[in-house]
$ cat target-v8.cif   # mmCIF, C-alpha atoms
data_work
loop_
_atom_site.group_PDB
_atom_site.id
_atom_site.type_symbol
_atom_site.label_atom_id
_atom_site.label_comp_id
_atom_site.auth_asym_id
_atom_site.auth_seq_id
_atom_site.Cartn_x
_atom_site.Cartn_y
_atom_site.Cartn_z
ATOM 1 C CA MET A 1 -161.462 -124.078 -218.375
ATOM 2 C CA HIS A 2 -161.656 -123.226 -214.678
ATOM 3 C CA TYR A 3 -159.826 -120.048 -213.724
ATOM 4 C CA SER A 4 -159.776 -120.377 -209.940
ATOM 5 C CA THR A 5 -156.450 -118.641 -209.361
ATOM 6 C CA SER A 6 -155.416 -115.090 -210.074
ATOM 7 C CA TYR A 7 -152.403 -116.139 -212.146
ATOM 8 C CA VAL A 8 -154.337 -118.320 -214.573
ATOM 9 C CA LYS A 9 -157.047 -115.654 -214.752
ATOM 10 C CA GLU A 10 -154.525 -112.976 -215.707
ATOM 11 C CA PHE A 11 -152.561 -115.261 -218.035
ATOM 12 C CA PRO A 12 -155.058 -117.658 -219.656
ATOM 13 C CA LEU A 13 -153.759 -120.911 -221.074
ATOM 14 C CA PRO A 14 -153.266 -121.226 -224.833
ATOM 15 C CA THR A 15 -155.266 -123.676 -226.883
ATOM 16 C CA GLN A 16 -153.964 -127.220 -227.340
ATOM 17 C CA GLU A 17 -152.782 -126.300 -230.846
ATOM 18 C CA GLU A 18 -150.955 -123.215 -229.579
ATOM 19 C CA LEU A 19 -149.373 -125.237 -226.783
ATOM 20 C CA ASN A 20 -148.116 -127.901 -229.213
ATOM 21 C CA ALA A 21 -146.684 -125.175 -231.439
ATOM 22 C CA MET A 22 -144.950 -123.613 -228.419
ATOM 23 C CA ILE A 23 -143.390 -126.971 -227.503
ATOM 24 C CA LEU A 24 -142.144 -127.456 -231.062
ATOM 25 C CA ARG A 25 -140.591 -123.968 -231.168
ATOM 26 C CA THR A 26 -138.866 -124.579 -227.838
ATOM 27 C CA LYS A 27 -137.459 -127.905 -229.055
ATOM 28 C CA ILE A 28 -136.060 -126.202 -232.175
ATOM 29 C CA LEU A 29 -134.508 -123.465 -230.016
ATOM 30 C CA ALA A 30 -132.808 -126.069 -227.811
ATOM 31 C CA SER A 31 -131.393 -127.915 -230.836
ATOM 32 C CA GLN A 32 -130.119 -124.683 -232.372
ATOM 33 C CA LEU A 33 -128.392 -123.667 -229.127
ATOM 34 C CA ILE A 34 -126.707 -127.070 -228.842
ATOM 35 C CA GLU A 35 -125.480 -126.821 -232.424
ATOM 36 C CA ILE A 36 -124.241 -123.226 -232.100
ATOM 37 C CA LEU A 37 -122.423 -123.919 -228.834
ATOM 38 C CA GLY A 38 -120.816 -127.077 -230.169
ATOM 39 C CA ILE A 39 -122.123 -129.239 -227.329
ATOM 40 C CA PRO A 40 -121.355 -132.967 -227.760
ATOM 41 C CA GLU A 41 -123.875 -135.249 -229.443
ATOM 42 C CA GLY A 42 -126.242 -136.981 -227.047
ATOM 43 C CA PHE A 43 -126.496 -134.079 -224.601
ATOM 44 C CA GLU A 44 -130.015 -133.153 -225.742
ATOM 45 C CA GLN A 45 -131.470 -136.625 -225.110
ATOM 46 C CA ASP A 46 -129.707 -136.970 -221.766
ATOM 47 C CA CYS A 47 -130.997 -133.545 -220.733
ATOM 48 C CA TYR A 48 -134.546 -134.326 -221.817
ATOM 49 C CA THR A 49 -134.575 -137.572 -219.803
ATOM 50 C CA TYR A 50 -133.290 -135.709 -216.764
ATOM 51 C CA ALA A 51 -135.689 -132.765 -217.256
ATOM 52 C CA ASN A 52 -138.671 -135.083 -217.638
ATOM 53 C CA ARG A 53 -137.811 -136.771 -214.347
ATOM 54 C CA MET A 54 -137.458 -133.385 -212.639
ATOM 55 C CA ALA A 55 -140.867 -132.304 -213.928
ATOM 56 C CA HIS A 56 -142.471 -135.465 -212.537
ATOM 57 C CA ASN A 57 -140.766 -134.845 -209.189
ATOM 58 C CA GLU A 58 -142.312 -131.372 -209.035
ATOM 59 C CA THR A 59 -145.783 -132.930 -208.752
ATOM 60 C CA ASP A 60 -144.994 -134.104 -205.209
ATOM 61 C CA ALA A 61 -144.760 -130.518 -203.969
ATOM 62 C CA TYR A 62 -148.353 -129.565 -204.822
ATOM 63 C CA LYS A 63 -151.687 -130.911 -203.588
ATOM 64 C CA THR A 64 -154.125 -130.120 -206.378
ATOM 65 C CA GLU A 65 -154.227 -130.248 -210.149
ATOM 66 C CA VAL A 66 -155.030 -126.545 -210.406
ATOM 67 C CA GLN A 67 -151.880 -125.715 -208.437
ATOM 68 C CA LEU A 68 -149.832 -127.942 -210.732
ATOM 69 C CA GLN A 69 -151.410 -126.380 -213.788
ATOM 70 C CA CYS A 70 -150.337 -122.904 -212.655
ATOM 71 C CA HIS A 71 -146.937 -124.215 -211.563
ATOM 72 C CA PHE A 72 -146.013 -125.680 -214.939
ATOM 73 C CA TRP A 73 -147.442 -122.756 -216.859
ATOM 74 C CA LYS A 74 -145.289 -120.330 -214.846
ATOM 75 C CA GLY A 75 -142.208 -122.587 -215.066
ATOM 76 C CA THR A 76 -140.245 -124.395 -212.394
ATOM 77 C CA GLN A 77 -137.007 -122.515 -213.165
ATOM 78 C CA ASN A 78 -134.906 -125.572 -212.321
ATOM 79 C CA SER A 79 -131.267 -125.442 -213.367
ATOM 80 C CA ILE A 80 -128.888 -128.115 -214.493
ATOM 81 C CA THR A 81 -127.061 -130.070 -211.775
ATOM 82 C CA ARG A 82 -124.002 -132.265 -211.450
ATOM 83 C CA GLU A 83 -126.179 -135.373 -211.638
ATOM 84 C CA LEU A 84 -126.404 -134.950 -215.393
ATOM 85 C CA PHE A 85 -122.637 -134.902 -215.806
ATOM 86 C CA VAL A 86 -121.682 -138.182 -214.178
ATOM 87 C CA GLY A 87 -122.061 -141.766 -215.326
ATOM 88 C CA ALA A 88 -120.524 -144.434 -217.512
ATOM 89 C CA ASN A 89 -121.410 -142.743 -220.823
ATOM 90 C CA ARG A 90 -119.214 -139.630 -221.119
ATOM 91 C CA ALA A 91 -120.208 -138.727 -224.678
ATOM 92 C CA SER A 92 -122.663 -136.064 -223.593
ATOM 93 C CA LYS A 93 -121.163 -135.146 -220.210
ATOM 94 C CA ILE A 94 -119.251 -131.946 -219.496
ATOM 95 C CA GLU A 95 -117.397 -132.807 -216.313
ATOM 96 C CA SER A 96 -114.076 -131.769 -217.865
ATOM 97 C CA VAL A 97 -115.102 -128.364 -219.248
ATOM 98 C CA ASN A 98 -114.275 -125.154 -217.418
ATOM 99 C CA HIS A 99 -116.757 -122.984 -215.540
ATOM 100 C CA LYS A 100 -117.233 -120.475 -218.378
ATOM 101 C CA ARG A 101 -118.196 -123.250 -220.778
ATOM 102 C CA ARG A 102 -120.686 -124.716 -218.324
ATOM 103 C CA THR A 103 -122.816 -121.571 -218.542
ATOM 104 C CA HIS A 104 -123.384 -122.469 -222.206
ATOM 105 C CA TYR A 105 -124.700 -125.844 -221.154
ATOM 106 C CA ASP A 106 -127.061 -124.129 -218.704
ATOM 107 C CA SER A 107 -128.462 -121.983 -221.508
ATOM 108 C CA ALA A 108 -129.052 -125.086 -223.617
ATOM 109 C CA PHE A 109 -130.675 -126.973 -220.741
ATOM 110 C CA ALA A 110 -133.211 -124.218 -219.988
ATOM 111 C CA PRO A 111 -135.363 -124.708 -223.148
ATOM 112 C CA ILE A 112 -135.126 -128.503 -222.766
ATOM 113 C CA MET A 113 -136.491 -128.198 -219.217
ATOM 114 C CA ARG A 114 -139.242 -125.935 -220.524
ATOM 115 C CA VAL A 115 -140.240 -128.567 -223.088
ATOM 116 C CA ALA A 116 -140.630 -131.129 -220.299
ATOM 117 C CA GLU A 117 -142.776 -128.695 -218.278
ATOM 118 C CA LEU A 118 -145.047 -127.806 -221.186
ATOM 119 C CA GLU A 119 -145.491 -131.468 -222.094
ATOM 120 C CA MET A 120 -146.467 -132.192 -218.493
ATOM 121 C CA LEU A 121 -148.999 -129.377 -218.678
ATOM 122 C CA ARG A 122 -150.362 -130.585 -222.005
ATOM 123 C CA ASP A 123 -150.618 -134.264 -221.075
ATOM 124 C CA HIS A 124 -151.827 -134.119 -217.469
ATOM 125 C CA TYR A 125 -152.911 -130.696 -216.207
ATOM 126 C CA TYR A 126 -154.426 -128.794 -219.084
ATOM 127 C CA ASP A 127 -158.140 -129.621 -219.105
ATOM 128 C CA ILE A 128 -159.388 -129.335 -215.510
ATOM 129 C CA SER A 129 -163.152 -129.049 -214.974
ATOM 130 C CA ALA A 130 -164.696 -126.541 -212.581
ATOM 131 C CA GLU A 131 -166.026 -129.433 -210.482
ATOM 132 C CA LYS A 132 -162.593 -131.057 -210.216
ATOM 133 C CA ALA A 133 -160.996 -127.752 -209.230
ATOM 134 C CA ALA A 134 -163.675 -127.112 -206.578
ATOM 135 C CA ALA A 135 -163.214 -130.603 -205.111
ATOM 136 C CA ASP A 136 -159.452 -130.061 -204.977
ATOM 137 C CA GLN A 137 -159.988 -126.757 -203.186
ATOM 138 C CA ALA A 138 -162.185 -128.563 -200.646
ATOM 139 C CA THR A 139 -159.371 -130.942 -199.678
ATOM 140 C CA LEU A 140 -157.007 -128.029 -199.059
ATOM 141 C CA LYS A 141 -159.560 -126.238 -196.882
ATOM 142 C CA LEU A 142 -160.443 -129.283 -194.786
ATOM 143 C CA LYS A 143 -156.755 -130.113 -194.338
ATOM 144 C CA GLU A 144 -156.217 -126.594 -193.026
ATOM 145 C CA LYS A 145 -159.031 -127.113 -190.504
ATOM 146 C CA PHE A 146 -157.671 -130.470 -189.370
ATOM 147 C CA ASN A 147 -154.215 -128.981 -188.845
ATOM 148 C CA SER A 148 -155.519 -126.034 -186.818
ATOM 149 C CA HIS A 149 -158.047 -127.940 -184.662
ATOM 150 C CA CYS A 150 -156.342 -131.303 -184.084
ATOM 151 C CA ALA A 151 -153.468 -131.164 -181.625
ATOM 152 C CA ASN A 152 -152.867 -134.917 -181.889
ATOM 153 C CA TYR A 153 -149.958 -135.716 -184.211
ATOM 154 C CA TRP A 154 -151.423 -138.994 -185.497
ATOM 155 C CA VAL A 155 -154.781 -137.400 -186.261
ATOM 156 C CA ARG A 156 -153.103 -134.815 -188.481
ATOM 157 C CA ASN A 157 -150.723 -137.207 -190.187
ATOM 158 C CA SER A 158 -152.746 -140.412 -190.507
ATOM 159 C CA LEU A 159 -155.588 -138.757 -192.376
ATOM 160 C CA SER A 160 -155.471 -138.285 -196.131
ATOM 161 C CA LEU A 161 -157.888 -136.220 -198.195
ATOM 162 C CA VAL A 162 -158.885 -136.987 -201.762
ATOM 163 C CA SER A 163 -161.190 -135.147 -204.126
ATOM 164 C CA ASN A 164 -163.845 -136.960 -206.114
ATOM 165 C CA HIS A 165 -166.440 -134.756 -207.768
ATOM 166 C CA LYS A 166 -168.251 -137.811 -209.163
ATOM 167 C CA ALA A 167 -169.140 -139.478 -205.834
ATOM 168 C CA GLU A 168 -170.740 -138.602 -202.511
ATOM 169 C CA PRO A 169 -168.418 -137.556 -199.655
ATOM 170 C CA SER A 170 -167.238 -140.536 -197.625
ATOM 171 C CA LEU A 171 -164.910 -141.757 -194.875
ATOM 172 C CA THR A 172 -162.831 -144.945 -195.097
ATOM 173 C CA VAL A 173 -160.926 -146.111 -192.015
ATOM 174 C CA SER A 174 -158.254 -148.798 -191.725
ATOM 175 C CA SER A 175 -155.763 -149.865 -189.056
ATOM 176 C CA CYS A 176 -152.378 -151.553 -188.748
ATOM 177 C CA GLU A 177 -150.091 -152.800 -186.018
ATOM 178 C CA ALA A 178 -147.920 -150.041 -184.609
ATOM 179 C CA GLY A 179 -145.687 -151.143 -181.760
ATOM 180 C CA TYR A 180 -146.596 -153.140 -178.685
ATOM 181 C CA HIS A 181 -146.679 -153.029 -174.917
ATOM 182 C CA ASN A 182 -145.938 -155.593 -172.234
ATOM 183 C CA THR A 183 -148.674 -156.792 -169.915
ATOM 184 C CA ARG A 184 -148.766 -159.473 -167.208
ATOM 185 C CA ASN A 185 -150.944 -162.540 -167.820
ATOM 186 C CA LYS A 186 -153.510 -162.792 -165.021
ATOM 187 C CA VAL A 187 -153.271 -166.590 -164.919
ATOM 188 C CA THR A 188 -149.600 -167.430 -165.498
ATOM 189 C CA ARG A 189 -148.318 -164.080 -164.181
ATOM 190 C CA ASP A 190 -145.866 -164.041 -167.086
ATOM 191 C CA TRP A 191 -145.156 -160.937 -169.101
ATOM 192 C CA GLU A 192 -146.676 -161.001 -172.589
ATOM 193 C CA ARG A 193 -146.196 -158.756 -175.599
ATOM 194 C CA VAL A 194 -149.516 -157.276 -176.735
ATOM 195 C CA PRO A 195 -149.670 -155.561 -180.144
ATOM 196 C CA LEU A 196 -150.987 -152.027 -180.446
ATOM 197 C CA TYR A 197 -152.911 -150.635 -183.399
ATOM 198 C CA ARG A 198 -153.010 -147.303 -185.150
ATOM 199 C CA ALA A 199 -155.861 -146.063 -187.334
ATOM 200 C CA SER A 200 -155.625 -144.152 -190.598
ATOM 201 C CA ALA A 201 -158.457 -142.627 -192.558
ATOM 202 C CA THR A 202 -159.216 -141.406 -196.055
ATOM 203 C CA VAL A 203 -161.804 -138.669 -196.541
ATOM 204 C CA SER A 204 -163.295 -138.159 -199.982
ATOM 205 C CA LEU A 205 -164.793 -134.735 -200.716
ATOM 206 C CA ASP A 206 -166.879 -133.567 -203.642
ATOM 207 C CA HIS A 207 -167.148 -130.207 -205.391
ATOM 208 C CA LYS A 208 -170.108 -129.065 -203.248
ATOM 209 C CA TYR A 209 -168.097 -128.813 -200.028
ATOM 210 C CA MET A 210 -167.099 -125.162 -200.354
ATOM 211 C CA ALA A 211 -170.653 -124.051 -201.184
ATOM 212 C CA GLU A 212 -172.446 -126.249 -198.635
ATOM 213 C CA VAL A 213 -169.965 -126.088 -195.754
ATOM 214 C CA GLY A 214 -167.549 -123.274 -196.535
ATOM 215 C CA ASP A 215 -169.960 -120.522 -197.593
ATOM 216 C CA ARG A 216 -172.092 -121.252 -194.493
ATOM 217 C CA ASP A 217 -169.041 -121.300 -192.196
ATOM 218 C CA LEU A 218 -169.788 -124.783 -190.849
ATOM 219 C CA PHE A 219 -166.221 -126.068 -190.985
ATOM 220 C CA VAL A 220 -165.898 -127.132 -187.325
ATOM 221 C CA MET A 221 -168.629 -128.298 -184.934
ATOM 222 C CA ASN A 222 -168.772 -129.182 -181.223
ATOM 223 C CA CYS A 223 -170.183 -132.734 -181.066
ATOM 224 C CA ASN A 224 -170.825 -133.739 -177.451
ATOM 225 C CA GLY A 225 -167.480 -132.382 -176.369
ATOM 226 C CA LYS A 226 -165.666 -133.778 -179.420
ATOM 227 C CA THR A 227 -164.497 -131.840 -182.445
ATOM 228 C CA GLY A 228 -166.523 -132.579 -185.564
ATOM 229 C CA PHE A 229 -165.832 -131.720 -189.185
ATOM 230 C CA PRO A 230 -168.889 -131.602 -191.498
ATOM 231 C CA ILE A 231 -168.229 -132.839 -195.032
ATOM 232 C CA ASN A 232 -171.601 -131.751 -196.426
ATOM 233 C CA ALA A 233 -174.638 -129.739 -195.326
ATOM 234 C CA THR A 234 -178.100 -130.053 -196.905
ATOM 235 C CA PRO A 235 -180.957 -127.659 -195.937
ATOM 236 C CA PHE A 236 -183.529 -129.425 -193.729
ATOM 237 C CA PRO A 237 -187.122 -128.307 -192.913
ATOM 238 C CA LEU A 238 -187.464 -126.497 -189.596
ATOM 239 C CA PRO A 239 -189.653 -128.107 -186.912
ATOM 240 C CA LYS A 240 -193.083 -126.583 -186.218
ATOM 241 C CA LYS A 241 -193.235 -123.455 -184.037
ATOM 242 C CA CYS A 242 -189.538 -122.874 -184.642
ATOM 243 C CA ASP A 243 -188.067 -119.416 -185.106
ATOM 244 C CA PRO A 244 -188.266 -118.927 -188.912
ATOM 245 C CA SER A 245 -184.964 -117.042 -188.897
ATOM 246 C CA TYR A 246 -183.116 -120.239 -187.956
ATOM 247 C CA GLU A 247 -181.230 -122.287 -190.532
ATOM 248 C CA LEU A 248 -181.261 -126.083 -190.193
ATOM 249 C CA TYR A 249 -179.047 -128.541 -192.103
ATOM 250 C CA SER A 250 -178.637 -132.285 -192.195
ATOM 251 C CA SER A 251 -174.976 -133.176 -192.360
ATOM 252 C CA LYS A 252 -172.460 -135.982 -192.316
ATOM 253 C CA VAL A 253 -169.871 -135.095 -189.700
ATOM 254 C CA ILE A 254 -166.485 -136.695 -189.045
ATOM 255 C CA VAL A 255 -166.123 -137.040 -185.279
ATOM 256 C CA ILE A 256 -162.614 -137.811 -184.004
ATOM 257 C CA PHE A 257 -161.566 -139.634 -180.831
ATOM 258 C CA PRO A 258 -157.777 -139.046 -180.665
ATOM 259 C CA SER A 259 -157.196 -141.413 -177.710
ATOM 260 C CA LYS A 260 -158.354 -144.361 -179.819
ATOM 261 C CA ILE A 261 -156.468 -143.609 -183.010
ATOM 262 C CA ASP A 262 -152.964 -144.386 -181.764
ATOM 263 C CA GLY A 263 -152.081 -147.072 -179.241
ATOM 264 C CA ALA A 264 -155.372 -148.984 -179.312
ATOM 265 C CA GLU A 265 -155.301 -152.592 -178.111
ATOM 266 C CA SER A 266 -157.529 -153.876 -180.914
ATOM 267 C CA GLU A 267 -158.215 -153.042 -184.552
ATOM 268 C CA ALA A 268 -161.877 -152.369 -183.788
ATOM 269 C CA GLU A 269 -160.985 -149.822 -181.126
ATOM 270 C CA ALA A 270 -158.482 -148.083 -183.410
ATOM 271 C CA ILE A 271 -160.969 -147.898 -186.274
ATOM 272 C CA SER A 272 -163.610 -146.402 -183.982
ATOM 273 C CA GLY A 273 -161.340 -143.377 -183.538
ATOM 274 C CA TYR A 274 -162.802 -141.946 -186.752
ATOM 275 C CA GLN A 275 -166.582 -141.955 -187.021
ATOM 276 C CA LEU A 276 -168.883 -140.563 -189.697
ATOM 277 C CA GLU A 277 -172.132 -139.569 -188.007
ATOM 278 C CA ASP A 278 -175.443 -138.211 -189.283
ATOM 279 C CA ARG A 279 -175.963 -134.905 -187.537
ATOM 280 C CA TYR A 280 -178.160 -131.832 -187.693
ATOM 281 C CA ILE A 281 -176.749 -128.318 -187.539
ATOM 282 C CA CYS A 282 -178.847 -125.325 -186.557
ATOM 283 C CA VAL A 283 -177.725 -121.723 -187.005
ATOM 284 C CA GLY A 284 -179.405 -118.733 -185.346
ATOM 285 C CA HIS A 285 -178.618 -115.183 -184.259
ATOM 286 C CA THR A 286 -179.166 -113.204 -181.090
ATOM 287 C CA ASN A 287 -180.927 -109.844 -181.136
ATOM 288 C CA GLY A 288 -177.490 -108.292 -181.122
ATOM 289 C CA GLY A 289 -176.545 -110.185 -184.283
ATOM 290 C CA GLU A 290 -174.221 -112.736 -182.671
ATOM 291 C CA ARG A 291 -174.159 -116.057 -184.497
ATOM 292 C CA ILE A 292 -175.193 -119.162 -182.533
ATOM 293 C CA VAL A 293 -174.518 -122.685 -183.847
ATOM 294 C CA SER A 294 -175.671 -126.012 -182.421
ATOM 295 C CA CYS A 295 -174.922 -129.541 -183.667
ATOM 296 C CA SER A 296 -176.861 -132.584 -182.454
ATOM 297 C CA THR A 297 -178.215 -136.009 -183.431
ATOM 298 C CA THR A 298 -181.819 -134.859 -184.018
ATOM 299 C CA PRO A 299 -183.361 -131.711 -185.521
ATOM 300 C CA GLY A 300 -185.165 -130.917 -182.259
ATOM 301 C CA ARG A 301 -182.005 -131.087 -180.178
ATOM 302 C CA ALA A 302 -180.097 -128.956 -182.664
ATOM 303 C CA VAL A 303 -182.802 -126.281 -182.549
ATOM 304 C CA GLY A 304 -183.037 -126.610 -178.770
ATOM 305 C CA GLY A 305 -179.318 -126.032 -178.495
ATOM 306 C CA VAL A 306 -179.635 -122.732 -180.329
ATOM 307 C CA ASN A 307 -182.621 -121.745 -178.151
ATOM 308 C CA VAL A 308 -180.687 -122.416 -174.931
ATOM 309 C CA LYS A 309 -177.552 -120.649 -176.133
ATOM 310 C CA THR A 310 -179.583 -117.647 -177.325
ATOM 311 C CA LYS A 311 -181.403 -117.465 -173.987
ATOM 312 C CA ASN A 312 -178.121 -117.621 -172.084
ATOM 313 C CA LYS A 313 -176.689 -114.833 -174.203
ATOM 314 C CA VAL A 314 -179.722 -112.655 -173.429
ATOM 315 C CA LEU A 315 -179.485 -113.358 -169.695
ATOM 316 C CA ASP A 316 -175.819 -112.468 -169.710
ATOM 317 C CA THR A 317 -176.710 -108.966 -170.877
ATOM 318 C CA LEU A 318 -179.377 -108.272 -168.219
ATOM 319 C CA ASP A 319 -178.609 -106.293 -165.053
ATOM 320 C CA PHE A 320 -180.480 -107.134 -161.865
ATOM 321 C CA SER A 321 -180.919 -104.879 -158.840
ATOM 322 C CA PHE A 322 -182.292 -105.957 -155.493
#

$ encode --input "target-v8.cif" --output "structure tokens"
Amino acid sequence: MHYSTSYVKEFPLPTQEELNAMILRTKILASQLIEILGIPEGFEQDCYTYANRMAHNETDAYKTEVQLQCHFWKGTQNSITRELFVGANRASKIESVNHKRRTHYDSAFAPIMRVAELEMLRDHYYDISAEKAAADQATLKLKEKFNSHCANYWVRNSLSLVSNHKAEPSLTVSSCEAGYHNTRNKVTRDWERVPLYRASATVSLDHKYMAEVGDRDLFVMNCNGKTGFPINATPFPLPKKCDPSYELYSSKVIVIFPSKIDGAESEAEAISGYQLEDRYICVGHTNGGERIVSCSTTPGRAVGGVNVKTKNKVLDTLDFSF
């Protein structure tokens, strides 16, 4: 079991057997409450159907399985609503009862809702591997970086992130028609409607992202004036006569061209708005301890970028007198 959050670490999950026993006890409690309160027959089944649907709806509010695991273990604390009390079958509805009586129905609904939550936990979000949890965490981190470094609306909202700890990181790009614009035909001089295209992309991340990219603080790179987002980083041998204190990595970097992603005049142009490039990232430090990072298409250029930046930093600190 992967305890990546403080809540699950402080309150570890029960075993499968203990969880099943907890569900059974909660079901018995719900039935006893319904019997004691004299609630009409059929209410329990109607409530369970409604509670199960509510539990499924809760999954849309969270991005990772670990978050959902903690969510259902803590409890959603949803209460009964009017939706349960309307419909053709009035046998189990309480539309006609007074307000005081409705509080009894709330108390009976609470354990039924808890059964639905615990069953969701047991069936879908109980056994999460450390690799799966780490891959999920990677998608959240990269999404945060996209949101903070991409001002373009379509870049932020047309890109989806998925975790797959069983496959190498990848980028898949597709496009679709999105509006049109009018242009004049050069021959006939007539106005023609020309379709425009918008690109969308899916990035798949594995469980190594946080260790390879996150722990080395390589989240965002400057790639020839464009913003790049590395999705992996593998140590690479330094060139000869290179400063041995440097760190060099080979990396696959997502480079984004916002002007192409929305409003392109062809599918090919729209798709080229997202590119996955093989890059090299070099990390060095000045004598004063300032971190210098360079990203380029070859190891030599990456190292050269650090050399130039380091030299410029040194020159900036020198005072000249004439």

$ closest_residue --input "target-v8.cif" --among "A:Arg279, A:His104, A:His149, A:Arg189" --to "A:Asn224" --atoms "only C-alpha atoms"
A:Arg279

$ resolve_selection --input "target-v8.cif" --expression "the PyMOL selection byres ((chain A and resi 282) around 7)" --output "ChimeraX atom specification"
/A:246-249,280-281,283-284,293-295,302-303,306

$ resolve_selection --input "target-v8.cif" --expression "the PyMOL selection byres ((chain A and resi 260) around 9)" --output "PyMOL selection string"
chain A and resi 198-199+256-259+261-265+269-274

$ resolve_selection --input "target-v8.cif" --expression "the PyMOL selection byres ((chain A and resi 254) around 9)" --output "VMD selection string"
chain A and resid 171 227 to 231 252 to 253 255 to 256 274 to 277

$ residues_near_point --input "target-v8.cif" --point "(-165.8, -124.7, -191.4)" --cutoff "8 Å" --atoms "all atoms listed in the file" --output "VMD selection string"
chain A and resid 142 145 213 to 214 216 to 221 229 to 230
